[in-house]
>>> print(open('coords22.txt').read())   # compact mmCIF, C-alpha atoms
# COMPACT_ATOMS: atom_id res chain seq x y z
CA MET A 1 -5.86 32.69 17.14
CA LYS A 2 -7.55 32.99 13.77
CA SER A 3 -8.31 29.74 12.00
CA ALA A 4 -9.79 28.29 8.83
CA VAL A 5 -11.34 24.89 8.18
CA ILE A 6 -11.19 23.65 4.59
CA VAL A 7 -14.43 22.01 3.49
CA PHE A 8 -14.23 19.38 0.74
CA PRO A 9 -17.20 17.59 -0.77
CA ALA A 10 -17.87 14.75 1.74
CA SER A 11 -15.83 16.25 4.57
CA ASN A 12 -17.78 15.22 7.66
CA CYS A 13 -15.70 16.46 10.60
CA ASP A 14 -15.54 20.06 9.43
CA ARG A 15 -18.29 21.05 11.87
CA ASP A 16 -16.59 19.17 14.73
CA ALA A 17 -13.43 21.16 14.05
CA GLN A 18 -15.43 24.39 13.75
CA THR A 19 -17.16 23.78 17.10
CA ALA A 20 -13.94 22.89 18.93
CA LEU A 21 -12.13 25.92 17.52
CA LEU A 22 -14.98 28.27 18.35
CA GLN A 23 -15.27 26.92 21.91
CA LEU A 24 -11.55 27.15 22.58
CA THR A 25 -10.57 30.31 20.73
CA GLY A 26 -13.82 32.27 21.03
CA ILE A 27 -13.41 33.25 17.37
CA GLU A 28 -15.56 31.76 14.63
CA PRO A 29 -13.26 29.94 12.18
CA HIS A 30 -13.50 30.65 8.44
CA MET A 31 -15.13 27.75 6.62
CA VAL A 32 -13.38 27.65 3.23
CA TRP A 33 -14.81 25.71 0.27
CA HIS A 34 -12.42 23.49 -1.70
CA GLY A 35 -13.15 25.32 -4.97
CA ASP A 36 -11.99 28.66 -3.56
CA THR A 37 -8.54 29.81 -4.50
CA ASP A 38 -7.42 31.65 -1.35
CA VAL A 39 -7.34 30.79 2.33
CA PRO A 40 -7.95 33.92 4.43
CA ASP A 41 -5.07 35.28 6.49
CA VAL A 42 -5.15 32.93 9.51
CA ASP A 43 -2.80 31.39 12.06
CA LEU A 44 -4.07 27.83 11.68
CA ILE A 45 -5.52 25.88 8.74
CA VAL A 46 -7.40 22.66 9.54
CA LEU A 47 -7.96 19.91 6.98
CA PRO A 48 -10.84 17.99 8.55
CA GLY A 49 -11.82 14.33 8.58
CA GLY A 50 -14.28 12.78 6.20
CA PHE A 51 -14.32 11.07 2.83
CA SER A 52 -13.40 13.88 0.47
CA TYR A 53 -14.47 13.18 -3.13
CA GLY A 54 -15.86 9.83 -1.99
CA ASP A 55 -12.32 8.48 -1.49
CA TYR A 56 -12.16 8.05 -5.28
CA LEU A 57 -8.87 6.67 -6.60
CA ARG A 58 -7.21 6.81 -3.15
CA CYS A 59 -8.18 8.54 0.08
CA GLY A 60 -7.16 12.17 -0.21
CA ALA A 61 -5.81 11.86 -3.76
CA MET A 62 -8.44 14.05 -5.43
CA ALA A 63 -8.57 16.59 -2.59
CA ALA A 64 -4.79 17.00 -2.82
CA GLN A 65 -5.29 18.29 -6.38
CA SER A 66 -8.09 20.74 -5.52
CA HIS A 67 -7.76 24.50 -6.10
CA ILE A 68 -7.59 25.45 -2.46
CA MET A 69 -4.71 23.07 -1.76
CA ARG A 70 -2.38 25.20 -3.89
CA ASP A 71 -2.84 28.04 -1.43
CA VAL A 72 -2.67 25.68 1.56
CA LYS A 73 0.72 24.47 0.24
CA ARG A 74 1.89 28.03 -0.31
CA LYS A 75 0.88 29.03 3.20
CA ALA A 76 2.41 25.89 4.72
CA ASP A 77 5.68 26.77 2.96
CA GLN A 78 5.45 30.24 4.50
CA GLY A 79 5.18 28.65 7.95
CA VAL A 80 1.45 28.83 8.66
CA ALA A 81 0.36 25.99 11.00
CA VAL A 82 -1.60 23.24 9.25
CA LEU A 83 -3.41 20.46 11.11
CA GLY A 84 -4.69 17.50 9.09
CA ILE A 85 -6.96 15.14 10.96
CA CYS A 86 -7.88 11.69 9.62
CA ASN A 87 -8.82 12.38 5.96
CA GLY A 88 -6.85 15.61 6.41
CA PHE A 89 -3.73 13.52 7.19
CA GLN A 90 -4.38 11.43 4.06
CA ILE A 91 -4.68 14.64 2.01
CA LEU A 92 -1.41 16.00 3.46
CA THR A 93 0.51 12.87 2.43
CA GLU A 94 -1.09 12.86 -1.04
CA ALA A 95 -0.18 16.56 -1.39
CA HIS A 96 3.43 15.72 -0.35
CA LEU A 97 3.27 18.09 2.61
CA LEU A 98 4.04 15.07 4.77
CA PRO A 99 6.03 11.93 3.87
CA GLY A 100 4.66 8.38 3.69
CA ALA A 101 1.20 7.05 2.88
CA LEU A 102 -1.91 5.79 4.65
CA MET A 103 -2.97 2.35 3.54
CA ARG A 104 -5.97 0.11 4.14
CA ASN A 105 -6.15 -0.99 7.80
CA ALA A 106 -4.17 -4.21 8.22
CA ASP A 107 -7.25 -6.23 9.25
CA LEU A 108 -9.43 -4.56 6.55
CA LYS A 109 -11.92 -3.35 9.18
CA PHE A 110 -13.16 0.20 9.61
CA VAL A 111 -12.26 1.13 13.21
CA CYS A 112 -14.42 3.52 15.21
CA GLN A 113 -13.38 3.63 18.85
CA PRO A 114 -11.43 5.68 21.40
CA VAL A 115 -7.72 4.85 21.48
CA ASP A 116 -4.94 5.74 23.89
CA LEU A 117 -2.02 7.63 22.43
CA VAL A 118 1.35 8.58 23.85
CA VAL A 119 2.60 12.11 23.27
CA GLU A 120 6.11 11.43 22.00
CA GLU A 121 7.21 15.00 21.56
CA SER A 122 6.23 18.18 23.39
CA GLN A 123 8.62 20.39 21.40
CA SER A 124 6.05 21.61 18.91
CA ALA A 125 3.42 24.30 18.51
CA PHE A 126 0.83 21.52 18.64
CA THR A 127 1.94 19.75 21.81
CA ARG A 128 3.77 22.22 24.05
CA ASN A 129 1.00 21.99 26.67
CA TYR A 130 1.53 18.26 27.01
CA ALA A 131 4.50 16.59 28.63
CA LYS A 132 6.50 14.01 26.73
CA GLY A 133 5.05 10.60 27.65
CA ASP A 134 1.55 11.91 28.46
CA ARG A 135 -1.27 9.54 27.56
CA VAL A 136 -4.27 11.03 25.78
CA ARG A 137 -7.48 9.39 24.58
CA PHE A 138 -8.82 10.45 21.18
CA PRO A 139 -11.39 8.70 19.00
CA VAL A 140 -10.37 7.13 15.70
CA ALA A 141 -12.80 6.49 12.84
CA HIS A 142 -11.14 5.28 9.65
CA GLY A 143 -10.69 2.43 7.23
CA GLU A 144 -7.35 3.58 5.85
CA GLY A 145 -5.10 4.75 8.64
CA ASN A 146 -2.30 2.26 8.30
CA TYR A 147 0.75 4.53 8.13
CA PHE A 148 3.58 3.36 5.91
CA ALA A 149 6.91 4.87 4.94
CA ASP A 150 10.22 3.36 3.87
CA GLU A 151 12.87 2.65 6.50
CA GLU A 152 15.00 5.65 5.54
CA THR A 153 12.02 8.02 5.97
CA LEU A 154 11.06 6.40 9.29
CA GLU A 155 14.59 6.77 10.63
CA ARG A 156 14.60 10.43 9.63
CA LEU A 157 11.19 11.05 11.26
CA GLU A 158 12.33 9.38 14.49
CA GLY A 159 15.74 11.04 14.46
CA GLU A 160 14.26 14.51 14.01
CA GLY A 161 11.60 14.05 16.71
CA ARG A 162 8.79 14.25 14.18
CA VAL A 163 6.82 11.20 15.36
CA ILE A 164 4.65 13.23 17.66
CA PHE A 165 1.88 10.78 18.59
CA ARG A 166 2.17 7.01 18.84
CA TYR A 167 -0.57 4.51 19.64
CA ALA A 168 -0.03 3.29 23.22
CA PRO A 169 1.28 -0.30 23.51
CA GLY A 170 -1.45 -2.74 22.43
CA GLU A 171 -3.69 0.06 21.10
CA ASN A 172 -2.59 0.20 17.43
CA PRO A 173 -5.95 -0.06 15.61
CA ASN A 174 -4.74 -0.23 12.00
CA GLY A 175 -1.30 -1.82 11.70
CA SER A 176 0.61 1.47 11.35
CA VAL A 177 4.34 0.95 11.15
CA ARG A 178 6.07 1.63 14.52
CA ASP A 179 2.61 2.46 16.00
CA ILE A 180 2.78 5.90 14.37
CA ALA A 181 -0.41 7.97 14.85
CA GLY A 182 0.79 11.47 13.97
CA ILE A 183 3.82 13.11 12.33
CA LEU A 184 5.23 16.59 11.80
CA SER A 185 6.69 18.17 8.66
CA ASP A 186 10.38 18.99 8.57
CA LYS A 187 9.64 22.62 9.45
CA ARG A 188 7.36 21.37 12.27
CA ASN A 189 4.42 23.56 11.24
CA VAL A 190 2.36 20.79 9.59
CA LEU A 191 0.87 17.99 11.71
CA GLY A 192 -1.01 15.02 10.29
CA MET A 193 -2.74 12.52 12.58
CA MET A 194 -5.39 9.83 12.23
CA PRO A 195 -7.03 10.23 15.70
CA HIS A 196 -9.46 13.10 16.28
CA PRO A 197 -8.39 15.67 18.93
CA GLU A 198 -11.32 17.92 17.94
CA ARG A 199 -13.68 15.21 19.15
CA ALA A 200 -11.96 15.09 22.52
CA CYS A 201 -12.59 18.66 23.65
CA ASP A 202 -16.00 18.45 25.33
CA PRO A 203 -16.84 16.34 28.42
CA LEU A 204 -20.03 15.23 26.67
CA LEU A 205 -17.88 13.34 24.18
CA GLY A 206 -16.03 11.35 26.83
CA SER A 207 -12.58 12.96 26.81
CA THR A 208 -11.18 16.47 27.02
CA THR A 209 -7.56 15.48 26.45
CA GLY A 210 -7.68 17.09 22.98
CA ARG A 211 -8.06 20.57 24.42
CA ALA A 212 -4.36 20.87 25.25
CA LEU A 213 -3.52 20.45 21.56
CA PHE A 214 -5.63 23.44 20.56
CA GLN A 215 -4.53 25.36 23.66
CA SER A 216 -0.90 24.76 22.64
CA LEU A 217 -1.67 26.32 19.26
CA ILE A 218 -3.49 29.24 20.87
CA ASP A 219 -0.57 29.88 23.27
CA THR A 220 1.94 29.68 20.40
CA LEU A 221 0.08 31.53 17.67
CA SER A 222 -2.09 34.14 19.38
CA MET B 223 -4.96 5.94 -28.96
CA LYS B 224 -6.07 3.95 -25.93
CA ALA B 225 -4.05 3.28 -22.86
CA ARG B 226 -4.49 0.81 -20.05
CA VAL B 227 -2.75 1.59 -16.77
CA PHE B 228 -2.26 -1.02 -14.04
CA VAL B 229 -1.61 0.25 -10.53
CA THR B 230 -0.48 -2.31 -7.94
CA LEU B 231 1.17 -2.27 -4.55
CA LYS B 232 4.95 -2.42 -4.65
CA ASN B 233 6.57 -5.75 -3.84
CA GLY B 234 7.02 -6.02 -0.09
CA VAL B 235 4.12 -3.69 0.73
CA LEU B 236 1.52 -5.64 2.70
CA ASP B 237 -1.66 -6.26 0.68
CA PRO B 238 -4.37 -7.33 3.14
CA GLN B 239 -7.06 -7.28 0.44
CA GLY B 240 -5.02 -9.64 -1.73
CA LYS B 241 -4.53 -11.88 1.30
CA ALA B 242 -8.29 -11.94 2.04
CA ILE B 243 -9.03 -12.80 -1.60
CA GLY B 244 -6.47 -15.63 -1.43
CA HIS B 245 -8.09 -17.02 1.74
CA ALA B 246 -11.54 -16.86 0.11
CA LEU B 247 -10.24 -18.75 -2.94
CA ASN B 248 -8.71 -21.39 -0.68
CA ASN B 249 -12.03 -21.69 1.15
CA LEU B 250 -13.77 -22.25 -2.19
CA GLY B 251 -11.54 -25.28 -2.69
CA PHE B 252 -8.92 -23.74 -4.98
CA ASP B 253 -6.07 -25.39 -3.14
CA ALA B 254 -3.50 -24.47 -5.76
CA VAL B 255 -3.84 -20.75 -4.98
CA GLY B 256 -0.72 -19.26 -3.40
CA GLU B 257 -0.10 -15.56 -2.82
CA VAL B 258 -2.69 -13.16 -4.30
CA ARG B 259 -2.02 -9.44 -4.93
CA GLN B 260 -4.68 -7.08 -6.20
CA GLY B 261 -4.66 -3.66 -7.77
CA LYS B 262 -6.57 -1.43 -10.12
CA MET B 263 -6.82 -0.96 -13.86
CA ILE B 264 -7.58 2.38 -15.51
CA ASP B 265 -8.52 2.77 -19.20
CA ILE B 266 -7.68 6.12 -20.74
CA GLU B 267 -8.56 7.40 -24.20
CA LEU B 268 -5.99 9.78 -25.64
CA THR B 269 -6.12 12.13 -28.59
CA GLU B 270 -2.33 11.89 -28.84
CA ARG B 271 -1.17 9.75 -31.80
CA ASP B 272 2.55 9.74 -31.19
CA GLU B 273 3.46 6.75 -29.04
CA THR B 274 6.54 8.29 -27.42
CA ARG B 275 4.69 11.43 -26.42
CA ALA B 276 1.69 9.39 -25.21
CA ARG B 277 3.93 7.23 -23.05
CA ALA B 278 5.69 10.27 -21.57
CA SER B 279 2.37 11.91 -20.81
CA LEU B 280 0.95 8.74 -19.20
CA LYS B 281 4.07 8.39 -17.07
CA GLU B 282 3.51 11.90 -15.79
CA MET B 283 -0.17 11.13 -15.06
CA CYS B 284 0.89 8.09 -13.04
CA GLU B 285 3.50 10.01 -11.08
CA LYS B 286 1.21 12.96 -10.39
CA LEU B 287 -2.11 11.28 -9.70
CA LEU B 288 -2.86 7.72 -10.78
CA ALA B 289 -0.35 6.00 -8.50
CA ASN B 290 0.97 6.87 -5.07
CA THR B 291 4.57 5.95 -5.69
CA VAL B 292 5.31 5.67 -1.97
CA ILE B 293 3.41 2.37 -1.98
CA GLU B 294 2.36 1.66 -5.56
CA LYS B 295 3.97 0.84 -8.92
CA TYR B 296 2.40 1.18 -12.33
CA GLU B 297 2.52 -0.38 -15.78
CA ILE B 298 1.37 1.30 -18.98
CA GLU B 299 -0.05 -0.53 -22.02
CA LEU B 300 -0.73 1.31 -25.25
CA ARG B 301 -3.21 0.18 -27.91
CA PRO B 302 -3.80 1.80 -31.28
>>> encode(input="coords22.txt", output="structure tokens")
Amino acid sequence: MKSAVIVFPASNCDRDAQTALLQLTGIEPHMVWHGDTDVPDVDLIVLPGGFSYGDYLRCGAMAAQSHIMRDVKRKADQGVAVLGICNGFQILTEAHLLPGALMRNADLKFVCQPVDLVVEESQSAFTRNYAKGDRVRFPVAHGEGNYFADEETLERLEGEGRVIFRYAPGENPNGSVRDIAGILSDKRNVLGMMPHPERACDPLLGSTTGRALFQSLIDTLS
Amino acid sequence: MKARVFVTLKNGVLDPQGKAIGHALNNLGFDAVGEVRQGKMIDIELTERDETRARASLKEMCEKLLANTVIEKYEIELRP
């Protein structure tokens, strides 16, 4: 599986994503600068975590307007898999590749801790190596991960099986509506999630339950 | 022409920052303070002189960038 990681000014999980992808695919991912105009021909595009453009205006708002995002949108429309993690999820909502918005955490605190998630849906290129109902443990590290969407959008997401990760009962760290931690696009090739699967791929980091996510992509896309 | 744009959370969208500000004001002894909502204000200088065109252009700026209309609303003020 060939992959690319988009690097924005103040991305800070781009190297984590690069390391996880290299370890699991054996192929060095392309690191693509935000000012570039084209993403190389790859199977997976990762929008990494961080604080792109210093979170100016709103998290992800400036990055969503960057040059490279035009090509990311084009490729997403063509069906290329896109994974947005943390700031990457915020960018995907600001770029209208995913519905809803990520607001300030309900208790106003930055949360940096491992959280338990429930895999709600295994019918996707991102989660086929999990079983529905599996519990995984990924770290979160964000101040604005409070997912919000109107009732109509939420009903559609639930009805179409697009709520793919939910915080386990009692684990919701940010006040997200319906404990939503990750959602899919309508074509199911774009996943946005606040928790960090790329930081749960090496035993040194305390959990390897993120590996199955990347393995699912490798099995689907290679 | 100068424009002032106010971006605030839509009614009904939880505003924890506004709430925290309200609590702090209560703690300072301002007992009359009820609900507080906060937002941001953006000043924009425009070379456009026609008010209708300026307003249309500002509306587009708000929809495309300045506000996230999933959660925020905006108001535009024009000054000569």
>>> interface_residues(input="coords22.txt", of="chain B", to="chain A", cutoff="8 Å", atoms="only C-alpha atoms", output="list in words")
Pro238, Gln239, Leu287, Leu288, Asn290, Val292 and Ile293 of chain B
>>> write_last_selection(input="coords22.txt", atoms="C-alpha atoms", output="PDB file, in the frame of the given file")
ATOM      1  CA  PRO B 238      -4.370  -7.330   3.140  1.00  0.00           C
ATOM      2  CA  GLN B 239      -7.060  -7.280   0.440  1.00  0.00           C
ATOM      3  CA  LEU B 287      -2.110  11.280  -9.700  1.00  0.00           C
ATOM      4  CA  LEU B 288      -2.860   7.720 -10.780  1.00  0.00           C
ATOM      5  CA  ASN B 290       0.970   6.870  -5.070  1.00  0.00           C
ATOM      6  CA  VAL B 292       5.310   5.670  -1.970  1.00  0.00           C
ATOM      7  CA  ILE B 293       3.410   2.370  -1.980  1.00  0.00           C
TER       8      ILE B 293
END
>>> closest_residue(input="coords22.txt", among="A:Val42, A:Val119, A:Val111, A:Leu191", to="Gln90 (chain A)", atoms="all atoms listed in the file")
A:Leu191
>>> atom_distance(input="coords22.txt", atom1="CA of Cys201 (chain A)", atom2="CA of Arg137 (chain A)")
10.6 Å
>>> residues_around(input="coords22.txt", residues="Phe214 (chain A)", least_positions_apart="5", cutoff="10 Å", atoms="only C-alpha atoms", output="PDB file with C-alpha atoms, in the coordinates of the input")
ATOM      1  CA  MET A   1      -5.860  32.690  17.140  1.00  0.00           C
ATOM      2  CA  ALA A  20     -13.940  22.890  18.930  1.00  0.00           C
ATOM      3  CA  LEU A  21     -12.130  25.920  17.520  1.00  0.00           C
ATOM      4  CA  LEU A  24     -11.550  27.150  22.580  1.00  0.00           C
ATOM      5  CA  THR A  25     -10.570  30.310  20.730  1.00  0.00           C
ATOM      6  CA  ALA A 125       3.420  24.300  18.510  1.00  0.00           C
ATOM      7  CA  PHE A 126       0.830  21.520  18.640  1.00  0.00           C
ATOM      8  CA  THR A 127       1.940  19.750  21.810  1.00  0.00           C
ATOM      9  CA  ASN A 129       1.000  21.990  26.670  1.00  0.00           C
ATOM     10  CA  PRO A 197      -8.390  15.670  18.930  1.00  0.00           C
ATOM     11  CA  GLU A 198     -11.320  17.920  17.940  1.00  0.00           C
ATOM     12  CA  CYS A 201     -12.590  18.660  23.650  1.00  0.00           C
ATOM     13  CA  ASP A 219      -0.570  29.880  23.270  1.00  0.00           C
ATOM     14  CA  THR A 220       1.940  29.680  20.400  1.00  0.00           C
TER      15      THR A 220
END
>>> atom_distance(input="coords22.txt", atom1="CA of Asp265 (chain B)", atom2="CA of Lys295 (chain B)")
16.3 Å
>>> atom_distance(input="coords22.txt", atom1="CA of Ser3 (chain A)", atom2="CA of Ile45 (chain A)")
5.8 Å
>>> residues_around(input="coords22.txt", residues="region 14-18 of chain A", least_positions_apart="3", cutoff="8 Å", atoms="only C-alpha atoms", output="list of chain:residue names")
A:Val5, A:Ile6, A:Val7, A:Ser11, A:Leu21, A:Leu22, A:Glu28, A:Pro29, A:Met31, A:Val46, A:Leu47, A:Pro48, A:Gly49, A:Glu198, A:Arg199
>>> axis_aligned_box(input="coords22.txt", around="region 288-298 of chain B", padding_each_side="3 Å", output="lines of an AutoDock Vina configuration file")
center_x = 1.2
center_y = 3.7
center_z = -10.5
size_x = 14.2
size_y = 14.1
size_z = 23.0
>>> closest_residue(input="coords22.txt", among="A:Gly192, A:Pro114, A:Gly206, A:Gly143", to="Ala168 (chain A)", atoms="only C-alpha atoms")
A:Pro114
>>> residues_around(input="coords22.txt", residues="Thr230 (chain B)", least_positions_apart="6", cutoff="12 Å", atoms="only C-alpha atoms", output="PDB file with C-alpha atoms, in the coordinates of the input")
ATOM      1  CA  LEU B 236       1.520  -5.640   2.700  1.00  0.00           C
ATOM      2  CA  ASP B 237      -1.660  -6.260   0.680  1.00  0.00           C
ATOM      3  CA  GLN B 239      -7.060  -7.280   0.440  1.00  0.00           C
ATOM      4  CA  GLY B 240      -5.020  -9.640  -1.730  1.00  0.00           C
ATOM      5  CA  VAL B 258      -2.690 -13.160  -4.300  1.00  0.00           C
ATOM      6  CA  ARG B 259      -2.020  -9.440  -4.930  1.00  0.00           C
ATOM      7  CA  GLN B 260      -4.680  -7.080  -6.200  1.00  0.00           C
ATOM      8  CA  GLY B 261      -4.660  -3.660  -7.770  1.00  0.00           C
ATOM      9  CA  LYS B 262      -6.570  -1.430 -10.120  1.00  0.00           C
ATOM     10  CA  MET B 263      -6.820  -0.960 -13.860  1.00  0.00           C
ATOM     11  CA  ILE B 264      -7.580   2.380 -15.510  1.00  0.00           C
ATOM     12  CA  CYS B 284       0.890   8.090 -13.040  1.00  0.00           C
ATOM     13  CA  LEU B 288      -2.860   7.720 -10.780  1.00  0.00           C
ATOM     14  CA  ALA B 289      -0.350   6.000  -8.500  1.00  0.00           C
ATOM     15  CA  ASN B 290       0.970   6.870  -5.070  1.00  0.00           C
ATOM     16  CA  THR B 291       4.570   5.950  -5.690  1.00  0.00           C
ATOM     17  CA  VAL B 292       5.310   5.670  -1.970  1.00  0.00           C
ATOM     18  CA  ILE B 293       3.410   2.370  -1.980  1.00  0.00           C
ATOM     19  CA  GLU B 294       2.360   1.660  -5.560  1.00  0.00           C
ATOM     20  CA  LYS B 295       3.970   0.840  -8.920  1.00  0.00           C
ATOM     21  CA  TYR B 296       2.400   1.180 -12.330  1.00  0.00           C
ATOM     22  CA  GLU B 297       2.520  -0.380 -15.780  1.00  0.00           C
ATOM     23  CA  ILE B 298       1.370   1.300 -18.980  1.00  0.00           C
TER      24      ILE B 298
END
>>> residues_around(input="coords22.txt", residues="region 177-190 of chain A", least_positions_apart="4", cutoff="6 Å", atoms="only C-alpha atoms", output="PyMOL selection string")
chain A and resi 81-83+98+147-148+162-167+172+194
>>> decode(input="coords22.txt", residues="region 225-302 of chain B", atoms="C-alpha atoms", output="compact mmCIF listing (two decimals), in the first residue's frame")
# COMPACT_ATOMS: atom_id res chain seq x y z
CA ALA B 225 -16.44 46.26 7.63
CA ARG B 226 -16.83 44.68 11.02
CA VAL B 227 -17.86 41.03 11.14
CA PHE B 228 -19.17 39.37 14.30
CA VAL B 229 -18.99 35.58 14.47
CA THR B 230 -20.86 33.89 17.31
CA LEU B 231 -22.10 30.41 18.12
CA LYS B 232 -25.62 29.70 16.92
CA ASN B 233 -28.38 29.76 19.52
CA GLY B 234 -28.63 26.35 21.14
CA VAL B 235 -24.98 25.45 20.51
CA LEU B 236 -23.25 24.95 23.86
CA ASP B 237 -20.75 27.73 24.62
CA PRO B 238 -18.52 26.49 27.47
CA GLN B 239 -16.25 29.54 27.22
CA GLY B 240 -19.22 31.88 27.62
CA LYS B 241 -20.36 29.81 30.60
CA ALA B 242 -16.90 30.02 32.24
CA ILE B 243 -16.83 33.79 31.70
CA GLY B 244 -20.30 34.05 33.29
CA HIS B 245 -19.15 32.04 36.33
CA ALA B 246 -16.06 34.25 36.70
CA LEU B 247 -18.22 37.39 36.58
CA ASN B 248 -20.52 35.91 39.23
CA ASN B 249 -17.48 35.13 41.37
CA LEU B 250 -16.37 38.75 41.06
CA GLY B 251 -19.65 39.76 42.64
CA PHE B 252 -21.59 40.69 39.50
CA ASP B 253 -24.73 38.96 40.69
CA ALA B 254 -26.89 40.42 37.95
CA VAL B 255 -25.02 38.48 35.25
CA GLY B 256 -27.15 35.81 33.59
CA GLU B 257 -26.18 33.83 30.49
CA VAL B 258 -22.95 34.92 28.73
CA ARG B 259 -22.11 34.02 25.11
CA GLN B 260 -18.83 34.95 23.49
CA GLY B 261 -17.58 35.16 19.95
CA LYS B 262 -15.11 36.94 17.74
CA MET B 263 -14.96 40.22 15.88
CA ILE B 264 -13.05 40.72 12.63
CA ASP B 265 -12.30 44.14 11.09
CA ILE B 266 -11.82 44.17 7.34
CA GLU B 267 -10.77 47.06 5.13
CA LEU B 268 -12.25 46.93 1.65
CA THR B 269 -11.40 48.80 -1.51
CA GLU B 270 -14.97 48.25 -2.70
CA ARG B 271 -17.11 51.42 -2.52
CA ASP B 272 -20.46 50.02 -3.52
CA GLU B 273 -22.34 48.92 -0.42
CA THR B 274 -24.41 46.20 -2.09
CA ARG B 275 -21.38 44.61 -3.70
CA ALA B 276 -19.39 44.92 -0.46
CA ARG B 277 -22.14 43.21 1.49
CA ALA B 278 -22.41 40.39 -1.05
CA SER B 279 -18.66 39.88 -0.99
CA LEU B 280 -18.53 39.87 2.83
CA LYS B 281 -21.36 37.35 2.95
CA GLU B 282 -19.34 35.07 0.70
CA MET B 283 -16.24 35.52 2.91
CA CYS B 284 -18.28 34.53 5.96
CA GLU B 285 -19.75 31.47 4.26
CA LYS B 286 -16.42 30.32 2.83
CA LEU B 287 -14.02 31.06 5.67
CA LEU B 288 -14.85 33.46 8.48
CA ALA B 289 -17.66 31.42 10.02
CA ASN B 290 -18.27 27.71 10.26
CA THR B 291 -21.97 27.77 9.56
CA VAL B 292 -22.48 24.32 11.09
CA ILE B 293 -22.08 25.93 14.51
CA GLU B 294 -21.67 29.67 13.98
CA LYS B 295 -23.72 32.64 12.74
CA TYR B 296 -22.40 35.97 11.57
CA GLU B 297 -23.39 39.63 11.41
CA ILE B 298 -21.90 42.20 9.06
CA GLU B 299 -21.57 45.92 9.83
CA LEU B 300 -20.43 48.36 7.17
CA ARG B 301 -18.83 51.74 7.87
CA PRO B 302 -17.88 54.36 5.31
